[in-house]
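S.K.: Okay, handing you the structure first.
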Amino acid sequence: MVVNLGFLRSEADDRFLEDTRRVCGLGHMNGVKLTVNLEAGLLSESQIKKASEFAVKAGADWLSTSTGFAQKNASLHDIALIKNAVGESVNIKAMGGIHSLAEFLGVWNAGCSRIGTPFSEAILRELNHA
């Protein structure tokens, strides 16, 4: 699911938490693990922290930096904010903007256990030539 940016930006914290909790609950009732996409590139630092904490509280199994469609994609700074907010309580997925082995290793070393990129083949070729 993608977080409700309207609730988050308008500081409707109870509504944000309940919306996220309902979607996570429906997924879990049906045996589905849920990824909550933060769209971190559209958020302030405090909003990234709050969205991360609330998503975990609501039952998220993974947090993703973004859907990959926003203008700003995964950044090491955003990943650090998420990681600092939730620690090891959930897995983090970096999504968008990962084009090279160096970028892949950067987000991996920052703590992401999943990485979404359409450049997997090029990254693997780069790895084989390293």
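Labels for the structure tokens follow display order: chains A, B, ..., residues from 1 in each chain, ligands from 1.
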Please report, as a ChimeraX atom specification, each residue of chain A to which DSSP assigns helix (DSSP H, G or I) when run on this structure's backbone.

M.R.: /A:5-9,13-29,40-42,45-58,76-86,101-109,120-128

S.K.: Output as a list of chain:residue names all residues of range 14-114 of chain A that backbone DSSP marks as strand (DSSP E).

M.R.: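 Listing strand (DSSP E) positions across range 14-114 of chain A yields A:Thr35, A:Val36, A:Asn37, A:Trp62, A:Leu63, A:Ser64, A:Asn91, A:Ile92, A:Lys93, A:Ala94, A:Met95, A:Arg114.
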
S.K.: Go ahead and write the selection's residues with C-alpha atoms as an mmCIF file, in the first residue's frame.

M.R.:
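Generated file (part-v1.cif):
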data_model
loop_
_atom_site.group_PDB
_atom_site.id
_atom_site.type_symbol
_atom_site.label_atom_id
_atom_site.label_comp_id
_atom_site.auth_asym_id
_atom_site.auth_seq_id
_atom_site.Cartn_x
_atom_site.Cartn_y
_atom_site.Cartn_z
ATOM 1 C CA THR A 35 4.737 -3.507 2.188
ATOM 2 C CA VAL A 36 3.970 0.098 3.073
ATOM 3 C CA ASN A 37 5.354 2.519 0.479
ATOM 4 C CA TRP A 62 8.154 -4.071 5.103
ATOM 5 C CA LEU A 63 8.714 -0.399 4.544
ATOM 6 C CA SER A 64 9.581 0.773 1.051
ATOM 7 C CA ASN A 91 12.599 -4.995 6.597
ATOM 8 C CA ILE A 92 13.306 -1.996 4.405
ATOM 9 C CA LYS A 93 13.072 -1.970 0.630
ATOM 10 C CA ALA A 94 14.870 0.624 -1.488
ATOM 11 C CA MET A 95 12.942 1.438 -4.624
ATOM 12 C CA ARG A 114 15.071 -5.757 -0.601
#

S.K.: If we count only C-alpha atoms and set the cut-off at 12 Å, which residues sit around range 53-60 of chain A, ignoring sequence neighbours fewer than 4 positions away in its own chain? Please answer as JSON, numbers by chain.

M.R.: {"A": [1, 2, 3, 4, 7, 8, 12, 13, 14, 15, 16, 17, 18, 19, 20, 21, 22, 23, 24, 25, 26, 27, 28, 29, 32, 33, 34, 35, 36, 37, 38, 46, 47, 48, 49, 64, 81, 82, 83, 84, 85, 86, 87, 88, 89, 90, 91, 92]}

S.K.: Please provide the set of residues having any atom within 12 Å of Phe69 in chain A, restricted to only C-alpha atoms, with same-chain residues fewer than 3 positions apart removed, written as a ChimeraX atom specification.

M.R.: /A:2,37-42,65-66,72-74,95-97,116-117

S.K.: Would you mind reading off the distance between CA of Leu43 in chain A and CA of Cys112 in chain A, one decimal, in Å?

M.R.: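 These two atoms are separated by 19.2 Å.
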
S.K.: Take CA of Gly106 in chain A and CA of Lys50 in chain A and report the distance between them in Å, one decimal.

M.R.: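 Those two atoms sit 23.9 Å apart.
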
S.K.: Restricting the calculation to only C-alpha atoms: of A:Ser52, A:Ala80, A:Leu101, A:Trp108, which residue gets closest to Asn128 in chain A?

M.R.: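 Counting only C-alpha atoms, the residue closest to Asn128 in chain A is A:Leu101.
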
S.K.: Under the rule that only C-alpha atoms are counted, which of A:Ala51, A:Leu5, A:Val107, A:Ile115 is the nearest residue to Gly68 in chain A?

M.R.: A:Ile115
